[in-house]
Amino acid sequence: LFQALSQLPSLGKLQQMRERASQPLIPEQAWVHGADLPYLGGTVRLCVVARGQLPEVHEGVQPLPLNLPPEASPTQLREAAEAWFRKKARALFEERLQHFAPQLGVQYQRLSLSSARTRWGSARSDGHIRLNWRLIHLPLAQIDYVVVHELAHLRVMDHSPRFWDTVGEVLPDYRQRRRQLRALEL
């Protein structure tokens with residue numbers, strides 16, 4: 001009983017968890033032409049362009065061209081940009097899952113994108129992996145950490161030392177990546 005109780009979160013930890021749960025993973029953005037948005041640790045710029053028109057290119061900033069009318073509402077811009085981010089996220093996450101699964105000796109069965117406000121990912125014992133599409137805003141090192149973390153759960157479904165050893169087999173620097181991810185969380 002003492003061992004089980006000692007693994008429960010402290011009151012301070014519970015308060016931290018409550019505070020984090022009330023905050024979004026990525027801050028709200030201004031959904032206007034020219035807005036800079038985080039993408040893979042860098043930046044993309046929303047560009048409303050007419051069909052067939054090329055977006056303006058600014059040095060060091062990748063354009064995210066949206067084929068919308070100039071009078072498009074912020075909601076239309078947000079929905080179009082999120083669709084673009086989700087498409088990019090799905091493709092990247094599939095690639096990263098396929099890269100790391102063989103290294104861990106596991107097979108995932110299905111990938112779903114999540115819109116959770118407080119979780120980056122989850123894994124079920126049936127091989128279903130859910131990853132938050134908003135990970136696409138973060139650097140690849142943190143995306144890879146979350147992917148490996150969830151794949152490792154297909155071998156060990158808890159956060160025991162054996163689980164962390166499994167993560168460490170593929171990402172020896174997982175502790176650093178985990179700290180960086182937590183520093184990025186708001």
# chains A, B, ... in the order shown; residues from 1 in each chain; ligands from 1

$ residues_around --residues "A:Arg177" --least-positions-apart "4" --cutoff "10 Å" --atoms "only C-alpha atoms" --output "list in words"
Ala141, Gln142, Ile143, Asp144, Tyr145, Val146, Leu171, Pro172, Asp173, Leu181, Arg182 and Ala183 of chain A

$ write_last_selection --atoms "N, CA and C atoms" --output "compact mmCIF listing (two decimals), in the first residue's frame"
# COMPACT_ATOMS: atom_id res chain seq x y z
N ALA A 141 12.74 17.20 -33.19
CA ALA A 141 13.28 16.45 -32.05
C ALA A 141 12.18 16.16 -31.01
N GLN A 142 11.28 17.12 -30.78
CA GLN A 142 10.21 16.90 -29.81
C GLN A 142 9.11 16.02 -30.40
N ILE A 143 8.86 16.15 -31.69
CA ILE A 143 7.89 15.26 -32.35
C ILE A 143 8.39 13.82 -32.24
N ASP A 144 9.66 13.61 -32.55
CA ASP A 144 10.22 12.26 -32.46
C ASP A 144 10.14 11.71 -31.05
N TYR A 145 10.36 12.56 -30.05
CA TYR A 145 10.25 12.09 -28.67
C TYR A 145 8.83 11.58 -28.40
N VAL A 146 7.82 12.32 -28.79
CA VAL A 146 6.43 11.91 -28.54
C VAL A 146 6.12 10.63 -29.32
N LEU A 171 16.14 6.60 -28.28
CA LEU A 171 16.50 8.00 -28.05
C LEU A 171 17.30 8.11 -26.75
N PRO A 172 18.61 7.89 -26.82
CA PRO A 172 19.40 7.98 -25.60
C PRO A 172 19.30 9.35 -24.91
N ASP A 173 18.97 10.38 -25.66
CA ASP A 173 18.85 11.73 -25.10
C ASP A 173 17.40 12.09 -24.78
N LEU A 181 10.51 19.58 -24.41
CA LEU A 181 9.08 19.56 -24.71
C LEU A 181 8.31 20.24 -23.59
N ARG A 182 8.65 19.93 -22.36
CA ARG A 182 7.95 20.54 -21.22
C ARG A 182 8.19 22.04 -21.19
N ALA A 183 9.38 22.48 -21.59
CA ALA A 183 9.67 23.93 -21.63
C ALA A 183 8.85 24.61 -22.71

$ closest_residue --among "A:Val61, A:Ala80, A:Ala30, A:Leu111" --to "A:Val48" --atoms "only C-alpha atoms"
A:Ala80

$ atom_distance --atom1 "atom CA of A:Phe93" --atom2 "atom CA of A:Val147"
7.6 Å

$ select_by_dssp --residues "stretch 18-179 of chain A" --states "strand (DSSP E or B)" --output "MDAnalysis selection string"
chainID A and resid 36:39 42:49 58 61:67 110:114 121:123 128:132

$ atom_distance --atom1 "atom CA of A:Glu169" --atom2 "atom CA of A:Leu104"
7.7 Å

$ select_by_dssp --residues "stretch 61-110 of chain A" --states "alpha helix (DSSP H)" --output "PyMOL selection string"
chain A and resi 74-104

$ write_last_selection --atoms "N, CA and C atoms" --output "mmCIF file, in the first residue's frame"
data_model
loop_
_atom_site.group_PDB
_atom_site.id
_atom_site.type_symbol
_atom_site.label_atom_id
_atom_site.label_comp_id
_atom_site.auth_asym_id
_atom_site.auth_seq_id
_atom_site.Cartn_x
_atom_site.Cartn_y
_atom_site.Cartn_z
ATOM 1 N N PRO A 74 -11.562 35.426 -40.390
ATOM 2 C CA PRO A 74 -10.551 34.737 -39.580
ATOM 3 C C PRO A 74 -10.890 33.255 -39.375
ATOM 4 N N THR A 75 -12.164 32.936 -39.244
ATOM 5 C CA THR A 75 -12.571 31.535 -39.077
ATOM 6 C C THR A 75 -12.223 30.732 -40.325
ATOM 7 N N GLN A 76 -12.476 31.284 -41.506
ATOM 8 C CA GLN A 76 -12.128 30.585 -42.746
ATOM 9 C C GLN A 76 -10.621 30.401 -42.859
ATOM 10 N N LEU A 77 -9.858 31.425 -42.491
ATOM 11 C CA LEU A 77 -8.394 31.314 -42.519
ATOM 12 C C LEU A 77 -7.920 30.231 -41.555
ATOM 13 N N ARG A 78 -8.460 30.243 -40.336
ATOM 14 C CA ARG A 78 -8.067 29.241 -39.338
ATOM 15 C C ARG A 78 -8.378 27.834 -39.822
ATOM 16 N N GLU A 79 -9.587 27.630 -40.341
ATOM 17 C CA GLU A 79 -9.976 26.296 -40.814
ATOM 18 C C GLU A 79 -9.096 25.827 -41.965
ATOM 19 N N ALA A 80 -8.796 26.721 -42.909
ATOM 20 C CA ALA A 80 -7.943 26.348 -44.041
ATOM 21 C C ALA A 80 -6.514 26.062 -43.584
ATOM 22 N N ALA A 81 -5.994 26.894 -42.682
ATOM 23 C CA ALA A 81 -4.636 26.675 -42.170
ATOM 24 C C ALA A 81 -4.563 25.388 -41.362
ATOM 25 N N GLU A 82 -5.568 25.133 -40.515
ATOM 26 C CA GLU A 82 -5.560 23.903 -39.730
ATOM 27 C C GLU A 82 -5.648 22.677 -40.628
ATOM 28 N N ALA A 83 -6.395 22.755 -41.708
ATOM 29 C CA ALA A 83 -6.457 21.633 -42.656
ATOM 30 C C ALA A 83 -5.076 21.379 -43.249
ATOM 31 N N TRP A 84 -4.364 22.453 -43.592
ATOM 32 C CA TRP A 84 -3.003 22.326 -44.134
ATOM 33 C C TRP A 84 -2.080 21.693 -43.097
ATOM 34 N N PHE A 85 -2.139 22.200 -41.838
ATOM 35 C CA PHE A 85 -1.302 21.652 -40.766
ATOM 36 C C PHE A 85 -1.625 20.178 -40.507
ATOM 37 N N ARG A 86 -2.895 19.829 -40.492
ATOM 38 C CA ARG A 86 -3.289 18.433 -40.257
ATOM 39 C C ARG A 86 -2.757 17.514 -41.359
ATOM 40 N N LYS A 87 -2.851 17.964 -42.597
ATOM 41 C CA LYS A 87 -2.349 17.153 -43.715
ATOM 42 C C LYS A 87 -0.841 16.933 -43.576
ATOM 43 N N LYS A 88 -0.118 17.999 -43.270
ATOM 44 C CA LYS A 88 1.332 17.892 -43.070
ATOM 45 C C LYS A 88 1.644 17.003 -41.867
ATOM 46 N N ALA A 89 0.859 17.150 -40.786
ATOM 47 C CA ALA A 89 1.087 16.359 -39.578
ATOM 48 C C ALA A 89 0.891 14.879 -39.855
ATOM 49 N N ARG A 90 -0.202 14.513 -40.502
ATOM 50 C CA ARG A 90 -0.468 13.098 -40.777
ATOM 51 C C ARG A 90 0.674 12.474 -41.573
ATOM 52 N N ALA A 91 1.112 13.147 -42.630
ATOM 53 C CA ALA A 91 2.193 12.609 -43.466
ATOM 54 C C ALA A 91 3.483 12.452 -42.657
ATOM 55 N N LEU A 92 3.837 13.474 -41.881
ATOM 56 C CA LEU A 92 5.065 13.410 -41.092
ATOM 57 C C LEU A 92 4.970 12.352 -40.005
ATOM 58 N N PHE A 93 3.861 12.285 -39.298
ATOM 59 C CA PHE A 93 3.715 11.320 -38.215
ATOM 60 C C PHE A 93 3.771 9.890 -38.742
ATOM 61 N N GLU A 94 3.125 9.634 -39.880
ATOM 62 C CA GLU A 94 3.200 8.291 -40.486
ATOM 63 C C GLU A 94 4.656 7.939 -40.790
ATOM 64 N N GLU A 95 5.379 8.891 -41.355
ATOM 65 C CA GLU A 95 6.784 8.641 -41.689
ATOM 66 C C GLU A 95 7.608 8.356 -40.435
ATOM 67 N N ARG A 96 7.398 9.141 -39.376
ATOM 68 C CA ARG A 96 8.170 8.957 -38.146
ATOM 69 C C ARG A 96 7.781 7.650 -37.442
ATOM 70 N N LEU A 97 6.500 7.289 -37.444
ATOM 71 C CA LEU A 97 6.073 6.011 -36.867
ATOM 72 C C LEU A 97 6.718 4.849 -37.617
ATOM 73 N N GLN A 98 6.713 4.914 -38.941
ATOM 74 C CA GLN A 98 7.317 3.843 -39.737
ATOM 75 C C GLN A 98 8.829 3.778 -39.544
ATOM 76 N N HIS A 99 9.447 4.903 -39.258
ATOM 77 C CA HIS A 99 10.890 4.938 -39.013
ATOM 78 C C HIS A 99 11.243 4.304 -37.666
ATOM 79 N N PHE A 100 10.486 4.646 -36.618
ATOM 80 C CA PHE A 100 10.849 4.206 -35.274
ATOM 81 C C PHE A 100 10.252 2.872 -34.849
ATOM 82 N N ALA A 101 9.115 2.475 -35.383
ATOM 83 C CA ALA A 101 8.484 1.216 -34.948
ATOM 84 C C ALA A 101 9.426 0.018 -35.096
ATOM 85 N N PRO A 102 10.108 -0.160 -36.246
ATOM 86 C CA PRO A 102 11.016 -1.312 -36.356
ATOM 87 C C PRO A 102 12.177 -1.248 -35.355
ATOM 88 N N GLN A 103 12.631 -0.055 -35.035
ATOM 89 C CA GLN A 103 13.725 0.077 -34.073
ATOM 90 C C GLN A 103 13.308 -0.387 -32.684
ATOM 91 N N LEU A 104 12.013 -0.247 -32.375
ATOM 92 C CA LEU A 104 11.491 -0.690 -31.082
ATOM 93 C C LEU A 104 10.933 -2.107 -31.143
#

$ closest_residue --among "A:Ala116, A:Ile136, A:Val170, A:Leu68" --to "A:Val44" --atoms "only C-alpha atoms"
A:Ile136

$ residues_around --residues "A:Met157" --least-positions-apart "4" --cutoff "12 Å" --atoms "only C-alpha atoms" --output "list in words"
Ser122, Ala123, Arg124, Ser125, Asp126, Gly127, His149, Glu150, Leu151, Ala152, His153, Pro161, Arg162, Phe163, Trp164 and Thr166 of chain A

$ closest_residue --among "A:Arg134, A:Arg179, A:Arg155, A:His33" --to "A:Pro63" --atoms "only C-alpha atoms"
A:His33

$ atom_distance --atom1 "atom CA of A:Val32" --atom2 "atom CA of A:Leu46"
7.2 Å

$ closest_residue --among "A:Val148, A:Leu131, A:Pro38, A:Ser115" --to "A:Leu184" --atoms "only C-alpha atoms"
A:Pro38

$ closest_residue --among "A:Leu113, A:Leu37, A:Ala72, A:Cys47" --to "A:His137" --atoms "only C-alpha atoms"
A:Leu37
